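S.K.: One file is attached below, data21.cif, containing mmCIF, C-alpha atoms and all ligand atoms.
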```cif
data_start
#
loop_
_atom_site.group_PDB
_atom_site.id
_atom_site.type_symbol
_atom_site.label_atom_id
_atom_site.label_comp_id
_atom_site.auth_asym_id
_atom_site.auth_seq_id
_atom_site.Cartn_x
_atom_site.Cartn_y
_atom_site.Cartn_z
ATOM 1 C CA MET A 28 48.414 42.624 67.250
ATOM 2 C CA SER A 29 46.379 44.265 69.995
ATOM 3 C CA ALA A 30 45.466 42.040 72.950
ATOM 4 C CA SER A 31 41.723 42.355 72.263
ATOM 5 C CA LEU A 32 42.086 40.958 68.701
ATOM 6 C CA ARG A 33 44.294 37.927 69.269
ATOM 7 C CA ARG A 34 43.760 34.809 71.400
ATOM 8 C CA PRO A 35 44.287 35.573 75.098
ATOM 9 C CA ARG A 36 47.469 33.969 76.458
ATOM 10 C CA VAL A 37 47.052 32.106 79.708
ATOM 11 C CA LEU A 38 49.609 30.749 82.166
ATOM 12 C CA VAL A 39 48.526 27.943 84.504
ATOM 13 C CA THR A 40 50.680 26.371 87.215
ATOM 14 C CA ALA A 41 49.429 23.004 88.450
ATOM 15 C CA GLY A 42 50.172 20.043 90.670
ATOM 16 C CA PRO A 43 52.611 19.594 93.521
ATOM 17 C CA THR A 44 56.353 20.162 93.494
ATOM 18 C CA ARG A 45 58.915 17.585 94.624
ATOM 19 C CA GLU A 46 61.906 18.668 96.656
ATOM 20 C CA PRO A 47 64.658 16.038 96.652
ATOM 21 C CA ILE A 48 66.304 14.867 99.866
ATOM 22 C CA ASP A 49 68.583 12.311 98.200
ATOM 23 C CA ARG A 50 68.568 10.288 94.967
ATOM 24 C CA VAL A 51 65.522 8.281 96.063
ATOM 25 C CA ARG A 52 63.533 10.460 98.469
ATOM 26 C CA TYR A 53 61.678 13.753 98.234
ATOM 27 C CA LEU A 54 59.262 16.076 100.043
ATOM 28 C CA THR A 55 55.909 16.714 98.400
ATOM 29 C CA ASN A 56 52.180 17.198 99.142
ATOM 30 C CA ARG A 57 48.800 15.681 98.263
ATOM 31 C CA SER A 58 47.956 17.863 95.252
ATOM 32 C CA SER A 59 46.618 15.807 92.306
ATOM 33 C CA GLY A 60 46.834 18.613 89.734
ATOM 34 C CA ARG A 61 43.131 18.164 88.835
ATOM 35 C CA MET A 62 42.100 21.756 89.515
ATOM 36 C CA GLY A 63 45.010 23.214 87.528
ATOM 37 C CA TYR A 64 44.379 20.871 84.604
ATOM 38 C CA ALA A 65 40.657 21.765 84.712
ATOM 39 C CA VAL A 66 41.558 25.466 84.487
ATOM 40 C CA ALA A 67 43.942 24.789 81.581
ATOM 41 C CA ALA A 68 41.276 22.715 79.770
ATOM 42 C CA ALA A 69 38.668 25.447 80.272
ATOM 43 C CA ALA A 70 41.037 28.158 79.005
ATOM 44 C CA LEU A 71 41.775 26.132 75.861
ATOM 45 C CA ALA A 72 38.065 25.493 75.328
ATOM 46 C CA ALA A 73 37.443 29.235 75.682
ATOM 47 C CA GLY A 74 39.842 29.912 72.792
ATOM 48 C CA CYS A 75 42.997 30.827 74.731
ATOM 49 C CA ASP A 76 46.605 29.777 74.126
ATOM 50 C CA VAL A 77 47.916 28.080 77.253
ATOM 51 C CA ASP A 78 51.279 27.556 78.939
ATOM 52 C CA LEU A 79 50.778 24.780 81.501
ATOM 53 C CA VAL A 80 53.625 24.543 84.003
ATOM 54 C CA THR A 81 53.043 21.289 85.805
ATOM 55 C CA GLY A 82 54.586 19.392 88.662
ATOM 56 C CA PRO A 83 54.525 15.565 88.548
ATOM 57 C CA VAL A 84 50.910 14.355 88.237
ATOM 58 C CA ASP A 85 49.058 11.338 86.862
ATOM 59 C CA LEU A 86 47.008 13.284 84.345
ATOM 60 C CA ALA A 87 47.138 13.578 80.567
ATOM 61 C CA PRO A 88 47.442 17.135 79.228
ATOM 62 C CA PRO A 89 44.051 18.562 78.203
ATOM 63 C CA PRO A 90 43.153 18.432 74.488
ATOM 64 C CA ALA A 91 43.786 21.655 72.564
ATOM 65 C CA PRO A 92 41.014 22.572 70.101
ATOM 66 C CA ARG A 93 42.114 23.307 66.534
ATOM 67 C CA GLY A 94 44.105 26.496 66.283
ATOM 68 C CA ALA A 95 44.758 26.780 70.042
ATOM 69 C CA ARG A 96 48.314 26.351 71.325
ATOM 70 C CA LEU A 97 49.082 24.310 74.424
ATOM 71 C CA THR A 98 52.678 24.283 75.697
ATOM 72 C CA VAL A 99 53.329 21.897 78.565
ATOM 73 C CA HIS A 100 56.360 22.575 80.790
ATOM 74 C CA ARG A 101 57.045 19.565 83.033
ATOM 75 C CA VAL A 102 58.952 20.416 86.200
ATOM 76 C CA GLU A 103 59.726 18.810 89.554
ATOM 77 C CA THR A 104 60.993 21.393 92.028
ATOM 78 C CA ALA A 105 59.693 24.834 92.992
ATOM 79 C CA ARG A 106 62.805 26.422 91.531
ATOM 80 C CA GLN A 107 62.226 24.668 88.196
ATOM 81 C CA MET A 108 58.583 25.781 88.305
ATOM 82 C CA ARG A 109 59.726 29.360 88.847
ATOM 83 C CA ALA A 110 62.205 29.137 85.939
ATOM 84 C CA ALA A 111 59.413 28.001 83.584
ATOM 85 C CA ALA A 112 56.633 30.223 84.953
ATOM 86 C CA LEU A 113 58.339 33.639 85.050
ATOM 87 C CA PRO A 114 59.165 33.859 81.302
ATOM 88 C CA ALA A 115 55.672 32.561 80.447
ATOM 89 C CA PHE A 116 54.158 35.151 82.794
ATOM 90 C CA ARG A 117 55.963 37.964 80.971
ATOM 91 C CA GLY A 118 54.029 37.224 77.761
ATOM 92 C CA CYS A 119 50.662 36.235 79.218
ATOM 93 C CA ASP A 120 47.380 38.092 79.667
ATOM 94 C CA LEU A 121 45.950 35.993 82.480
ATOM 95 C CA ALA A 122 47.721 33.756 84.993
ATOM 96 C CA PHE A 123 46.192 31.122 87.264
ATOM 97 C CA HIS A 124 48.569 29.873 89.963
ATOM 98 C CA VAL A 125 46.919 26.654 91.008
ATOM 99 C CA ALA A 126 50.072 24.683 91.898
ATOM 100 C CA ALA A 127 50.642 23.519 95.460
ATOM 101 C CA VAL A 128 54.226 24.745 95.567
ATOM 102 C CA SER A 129 56.328 23.370 98.395
ATOM 103 C CA ASP A 130 57.233 26.346 100.581
ATOM 104 C CA PHE A 131 60.443 24.661 101.765
ATOM 105 C CA ARG A 132 63.161 22.415 100.369
ATOM 106 C CA PRO A 133 65.953 20.487 102.079
ATOM 107 C CA ALA A 134 68.965 22.748 102.595
ATOM 108 C CA ARG A 135 71.293 20.047 101.278
ATOM 109 C CA PHE A 136 70.882 17.356 98.654
ATOM 110 C CA VAL A 137 72.524 14.044 99.542
ATOM 111 C CA ARG A 138 74.111 12.757 96.325
ATOM 112 C CA GLY A 139 73.676 9.050 96.948
ATOM 113 C CA LYS A 140 71.227 7.510 99.388
ATOM 114 C CA LEU A 141 70.967 8.621 102.990
ATOM 115 C CA LYS A 142 71.952 5.528 105.071
ATOM 116 C CA LYS A 143 70.482 4.588 108.452
ATOM 117 C CA ARG A 144 73.870 3.616 109.813
ATOM 118 C CA ASP A 145 75.194 7.144 109.145
ATOM 119 C CA LEU A 146 72.519 8.443 111.526
ATOM 120 C CA ALA A 147 73.520 6.109 114.382
ATOM 121 C CA ALA A 148 75.974 8.651 115.805
ATOM 122 C CA ARG A 149 73.011 11.041 116.325
ATOM 123 C CA GLY A 150 70.887 8.457 118.127
ATOM 124 C CA GLY A 151 69.263 7.332 114.869
ATOM 125 C CA ALA A 152 67.352 10.621 114.431
ATOM 126 C CA LEU A 153 67.296 12.367 111.100
ATOM 127 C CA VAL A 154 67.095 16.140 111.335
ATOM 128 C CA LEU A 155 66.259 17.724 107.988
ATOM 129 C CA GLU A 156 67.144 21.362 107.641
ATOM 130 C CA LEU A 157 64.678 23.114 105.333
ATOM 131 C CA VAL A 158 65.137 26.448 103.578
ATOM 132 C CA PRO A 159 62.400 28.586 102.002
ATOM 133 C CA ASN A 160 61.545 28.271 98.313
ATOM 134 C CA PRO A 161 60.807 31.338 96.180
ATOM 135 C CA ASP A 162 57.157 32.435 96.158
ATOM 136 C CA ILE A 163 56.418 32.339 92.425
ATOM 137 C CA LEU A 164 53.007 33.978 92.690
ATOM 138 C CA TRP A 165 54.373 36.841 94.807
ATOM 139 C CA GLU A 166 57.074 37.459 92.198
ATOM 140 C CA CYS A 167 54.456 37.542 89.427
ATOM 141 C CA GLY A 168 52.432 40.007 91.516
ATOM 142 C CA GLN A 169 55.495 42.279 91.698
ATOM 143 C CA ARG A 170 55.939 42.135 87.904
ATOM 144 C CA LYS A 171 52.272 42.383 86.943
ATOM 145 C CA HIS A 172 51.307 45.218 84.591
ATOM 146 C CA GLN A 173 47.918 46.920 84.125
ATOM 147 C CA ARG A 174 46.768 44.658 81.305
ATOM 148 C CA GLN A 175 47.457 41.396 83.111
ATOM 149 C CA LEU A 176 45.075 39.602 85.427
ATOM 150 C CA LEU A 177 46.476 37.441 88.210
ATOM 151 C CA VAL A 178 44.580 34.670 90.020
ATOM 152 C CA GLY A 179 46.005 32.845 93.033
ATOM 153 C CA PHE A 180 44.712 30.048 95.213
ATOM 154 C CA ALA A 181 44.679 29.961 99.004
ATOM 155 C CA LEU A 182 44.649 26.610 100.724
ATOM 156 C CA GLU A 183 43.536 27.292 104.271
ATOM 157 C CA ALA A 184 42.838 24.925 107.140
ATOM 158 C CA ALA A 185 41.488 27.699 109.419
ATOM 159 C CA ASP A 186 40.524 31.391 109.261
ATOM 160 C CA GLY A 187 40.015 30.990 105.502
ATOM 161 C CA VAL A 188 38.577 34.334 104.398
ATOM 162 C CA ARG A 189 40.964 36.413 106.513
ATOM 163 C CA ASN A 190 44.043 34.514 105.295
ATOM 164 C CA ALA A 191 42.855 34.503 101.682
ATOM 165 C CA LEU A 192 42.273 38.272 101.722
ATOM 166 C CA PHE A 193 45.749 38.734 103.171
ATOM 167 C CA LYS A 194 47.200 36.729 100.231
ATOM 168 C CA LEU A 195 45.101 38.757 97.771
ATOM 169 C CA ARG A 196 46.723 41.975 99.000
ATOM 170 C CA GLU A 197 50.216 40.702 99.758
ATOM 171 C CA LYS A 198 50.610 38.967 96.371
ATOM 172 C CA ASN A 199 48.869 41.766 94.387
ATOM 173 C CA LEU A 200 46.132 39.491 92.991
ATOM 174 C CA ASP A 201 42.915 40.269 91.143
ATOM 175 C CA PHE A 202 41.215 37.123 92.471
ATOM 176 C CA VAL A 203 42.021 34.624 95.165
ATOM 177 C CA VAL A 204 40.310 31.226 95.198
ATOM 178 C CA LEU A 205 39.892 29.948 98.736
ATOM 179 C CA ASN A 206 39.701 26.213 99.306
ATOM 180 C CA GLY A 207 40.383 23.763 102.109
ATOM 181 C CA PRO A 208 42.651 20.731 102.566
ATOM 182 C CA SER A 209 39.747 18.376 101.626
ATOM 183 C CA ALA A 210 39.960 19.713 98.036
ATOM 184 C CA LEU A 211 43.428 18.171 97.618
ATOM 185 C CA ASN A 212 43.286 14.906 95.709
ATOM 186 C CA ALA A 213 39.462 15.081 95.358
ATOM 187 C CA THR A 214 37.362 15.400 92.184
ATOM 188 C CA ARG A 215 34.933 17.929 93.710
ATOM 189 C CA ALA A 216 35.671 21.096 95.639
ATOM 190 C CA ASP A 217 33.969 23.821 97.565
ATOM 191 C CA VAL A 218 35.632 27.161 96.793
ATOM 192 C CA THR A 219 35.016 30.846 97.441
ATOM 193 C CA VAL A 220 36.331 33.320 94.900
ATOM 194 C CA LEU A 221 37.286 36.645 96.465
ATOM 195 C CA ALA A 222 37.833 39.543 94.076
ATOM 196 C CA ARG A 223 39.988 42.590 94.658
ATOM 197 C CA ASP A 224 36.862 44.797 94.433
ATOM 198 C CA GLY A 225 35.177 42.910 97.302
ATOM 199 C CA GLU A 226 32.936 40.621 95.220
ATOM 200 C CA ARG A 227 32.525 37.052 96.616
ATOM 201 C CA ILE A 228 31.295 33.989 94.742
ATOM 202 C CA SER A 229 30.913 30.507 96.237
ATOM 203 C CA ILE A 230 31.099 27.476 93.949
ATOM 204 C CA ARG A 231 30.587 23.864 94.992
ATOM 205 C CA ALA A 232 31.017 21.498 92.042
ATOM 206 C CA GLU A 233 33.214 19.079 90.134
ATOM 207 C CA LYS A 234 36.653 20.609 89.571
ATOM 208 C CA SER A 235 36.082 20.605 85.804
ATOM 209 C CA ARG A 236 33.032 22.869 86.277
ATOM 210 C CA ILE A 237 34.867 25.097 88.734
ATOM 211 C CA GLY A 238 37.684 25.458 86.182
ATOM 212 C CA GLY A 239 35.150 26.623 83.565
ATOM 213 C CA GLN A 240 33.562 29.153 85.897
ATOM 214 C CA LEU A 241 36.891 30.576 87.044
ATOM 215 C CA VAL A 242 38.097 31.024 83.471
ATOM 216 C CA ALA A 243 34.802 32.659 82.393
ATOM 217 C CA LEU A 244 34.898 35.027 85.360
ATOM 218 C CA ALA A 245 38.548 35.967 84.862
ATOM 219 C CA LEU A 246 38.234 36.434 81.075
ATOM 220 C CA GLU A 247 35.212 38.662 81.526
ATOM 221 C CA ARG A 248 37.082 40.781 84.101
ATOM 222 C CA TRP A 249 40.249 40.916 81.973
ATOM 223 C CA ARG A 250 38.295 42.113 78.882
ATOM 224 C CA ARG A 251 36.581 44.781 80.954
ATOM 225 C CA GLN A 252 39.923 45.910 82.374
ATOM 226 C CA LEU A 253 41.462 46.033 78.898
ATOM 227 C CA HIS A 254 38.597 48.157 77.656
ATOM 228 C CA LYS A 255 39.041 50.538 80.586
ATOM 229 C CA THR A 256 42.815 50.970 80.105
ATOM 230 C CA LYS A 257 42.260 51.624 76.384
ATOM 231 C CA ALA A 258 39.659 54.268 77.165
ATOM 232 C CA THR A 259 42.093 55.945 79.600
ATOM 233 C CA ILE A 260 44.950 55.966 77.040
ATOM 234 C CA ARG A 261 42.815 57.556 74.283
HETATM 235 N N1 LIG B 1 52.585 29.848 95.668
HETATM 236 C C1 LIG B 1 53.668 30.056 94.840
HETATM 237 N N2 LIG B 1 54.933 29.796 95.310
HETATM 238 C C2 LIG B 1 55.126 29.347 96.558
HETATM 239 C C3 LIG B 1 54.008 29.125 97.411
HETATM 240 C C4 LIG B 1 52.752 29.378 96.925
HETATM 241 O O1 LIG B 1 53.502 30.460 93.684
HETATM 242 N N3 LIG B 1 56.363 29.105 96.992
HETATM 243 C C5 LIG B 1 51.234 30.171 95.176
HETATM 244 C C6 LIG B 1 50.287 28.983 95.012
HETATM 245 O O2 LIG B 1 50.326 28.484 93.696
HETATM 246 C C7 LIG B 1 48.930 29.617 95.342
HETATM 247 C C8 LIG B 1 49.266 30.736 96.329
HETATM 248 O O3 LIG B 1 50.643 31.010 96.153
HETATM 249 O O4 LIG B 1 48.341 30.233 94.216
HETATM 250 C C9 LIG B 1 49.007 30.447 97.795
HETATM 251 O O5 LIG B 1 49.563 29.216 98.161
HETATM 252 P P1 LIG B 1 49.296 28.623 99.622
HETATM 253 O O6 LIG B 1 50.019 27.320 99.734
HETATM 254 O O7 LIG B 1 47.819 28.660 99.930
HETATM 255 O O8 LIG B 1 49.907 29.695 100.590
HETATM 256 P P2 LIG B 1 51.358 30.191 100.907
HETATM 257 O O9 LIG B 1 51.552 31.518 100.232
HETATM 258 O O10 LIG B 1 52.354 29.117 100.607
HETATM 259 O O11 LIG B 1 51.272 30.480 102.480
HETATM 260 P P3 LIG B 1 50.909 29.459 103.680
HETATM 261 O O12 LIG B 1 51.483 28.114 103.286
HETATM 262 O O13 LIG B 1 51.566 30.081 104.855
HETATM 263 O O14 LIG B 1 49.402 29.459 103.789
#
```
Would you mind writing the structure in this file as structure tokens?
M.R.:
Amino acid sequence: MSASLRRPRVLVTAGPTREPIDRVRYLTNRSSGRMGYAVAAAALAAGCDVDLVTGPVDLAPPPAPRGARLTVHRVETARQMRAAALPAFRGCDLAFHVAAVSDFRPARFVRGKLKKRDLAARGGALVLELVPNPDILWECGQRKHQRQLLVGFALEAADGVRNALFKLREKNLDFVVLNGPSALNATRADVTVLARDGERISIRAEKSRIGGQLVALALERWRRQLHKTKATIR
């Protein structure tokens, strides 16, 4: 069935990732998953089928209206998130990468529990070697085709617009949503949406409302894009 006749398929990544150090410890961040879940809820409410790839959060999956399909993929690490997100991206029309993916993971996993006494020889200091995780959004940007729309987030503590625009180009995005560290773990946020064509929209609201506005904006742009590619093919 042509993409304009069926339900749009949406991928959402949400929440933090956890990168294990040993059996009991991990590296993570302050993401609550609220923004990602708000985007997933809004996409379902707008009549889309949704693949929600989520790190560990304290939130219930959003309700799916009758007829809509919600598939929840629960993951912990960035590599697990990548393994779930890339196949879902292949079949989706729109993707929202809202997850706060840990950029690094410990180079080695300690099978049992890291013991203090084992560190005594090094003066009691623990030096963790970290290696980079894959950038899932960048990989999706590399694979993106004409009929897909890709939205990324940029969490910036300084020089927001400049850094966000850099991410927009480097990761081949259609929109980048700029927010600050205060948005993590909060119910409200203050975001600026920067579009590839230069358009800028500022939204300050509850995350649930921001989710609705982002989905409406992206769906409208995706439908327009689809129409344009069809007209070019004819
Ligand atoms: N992202 C991702 N995989 C990563 C890191 C980030 O998919 N390993 C995605 C996030 O989901 C978000 C976007 O990339 O949509 C930007 O994430 P952010 O943490 O703001 O920036 P980074 O690209 O990690 O760069 P930096 O930490 O240097 O700002």
S.K.: Taking only C-alpha atoms and all ligand atoms and a cut-off of 6 Å, can you tell me which residues surround ligand LIG 1 (chain B), written as a VMD selection string?
M.R.: chain A and resid 124 to 130 160 to 164 179 to 182
S.K.: Ranking A:Arg250, A:Arg144, A:Arg109, A:Arg61 by minimum distance to Ile237 (chain A) and counting all atoms listed in the file, which one comes first?
M.R.: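 The shortest atom-to-atom distance to Ile237 (chain A) comes from A:Arg61.
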S.K.: Mind checking which residues fall within 10 Å of Val66 (chain A), counting only C-alpha atoms, ignoring those fewer than 2 positions away in the same chain, and posting them as a PyMOL selection string?
M.R.: chain A and resi 37-41+61-64+68-72+77+79+89+123-125+234-242
S.K.: Could you list, as a list in words, every residue matched by the PyMOL selection byres (((chain A and resi 86) around 8) and not hetatm) in this structure?
M.R.: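 Applied to this file, the PyMOL selection byres (((chain A and resi 86) around 8) and not hetatm) returns Gly60, Arg61, Val84, Asp85, Ala87 and Pro88 of chain A.
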S.K.: Please evaluate the PyMOL selection byres (((chain A and resi 253) around 9) and not hetatm) against the structure above and give the resulting residues as a VMD selection string.
M.R.: chain A and resid 30 to 31 173 to 175 248 to 252 254 to 258
S.K.: Have a look at CA of Leu97 (chain A) and CA of Pro83 (chain A) and let me know their distance in Å, one decimal.
M.R.: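 Distance between the two atoms: 17.5 Å.
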S.K.: By how many Å are CA of His172 (chain A) and CA of Ile230 (chain A) apart?
M.R.: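 Straight-line distance from CA of His172 (chain A) to CA of Ile230 (chain A) works out to 28.5 Å.
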S.K.: Counting only C-alpha atoms, which of A:Phe136, A:Pro92, A:Leu192, A:Pro208 gets nearest to Asp49 (chain A)?
M.R.: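 Once distances to Asp49 (chain A) are computed over only C-alpha atoms, the minimum belongs to A:Phe136.
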S.K.: Once the PyMOL selection byres (((chain A and resi 166) around 12) and not hetatm) has been applied to the shown file, what residues remain in the selection, as a list in words?
M.R.: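 Taken over the shown coordinates, the PyMOL selection byres (((chain A and resi 166) around 12) and not hetatm) returns Arg109, Ala110, Ala112, Leu113, Pro114, Phe116, Arg117, His124, Asn160, Pro161, Asp162, Ile163, Leu164, Trp165, Cys167, Gly168, Gln169, Arg170, Lys171, Leu177, Glu197, Lys198, Asn199 and Leu200 of chain A.
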S.K.: Grab the CA of Met28 (chain A) to CA of Gly118 (chain A) distance for me, in Å with one decimal place.
M.R.: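 Between these atoms lies a distance of 13.1 Å.
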S.K.: Hey, which of A:Arg223, A:Leu121, A:Glu247, A:Glu156 ends up closest to Arg135 (chain A)? Count all atoms listed in the file.
M.R.: A:Glu156
S.K.: I'd like to know which of A:Leu195, A:Ala152, A:Ile48, A:Ala67 is closest to Thr104 (chain A), using only C-alpha atoms.
M.R.: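 Checking each candidate against Thr104 (chain A), we get A:Ile48 as the closest.
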S.K.: As a ChimeraX atom specification, please: the residues near region 139-143 of chain A (cut-off 8 Å, only C-alpha atoms, same-chain neighbours under 4 positions excluded).
M.R.: /A:49-51,147,151
S.K.: Give the answer as one residue: which of A:Leu221, A:Ile228, A:Ala184, A:Val178 has the shortest atom-to-atom distance to Gly207 (chain A), using all atoms listed in the file?
M.R.: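 Ranked by minimum distance to Gly207 (chain A), first place goes to A:Ala184.
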S.K.: Counting only C-alpha atoms, which residue out of A:Arg149, A:Thr219, A:Ala134, A:Asp201 sits closest to Glu183 (chain A)?
M.R.: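 The closest residue to Glu183 (chain A) is A:Thr219.
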S.K.: Each side padded by 6 Å, which centre and which edge lengths in Å (one decimal) define the axis-aligned box around the listed atoms of region 81-87 of chain A? Give them as AutoDock Vina command-line options.
M.R.:
```
--center_x 50.8 --center_y 16.3 --center_z 84.6 --size_x 19.6 --size_y 22.0 --size_z 20.1
```
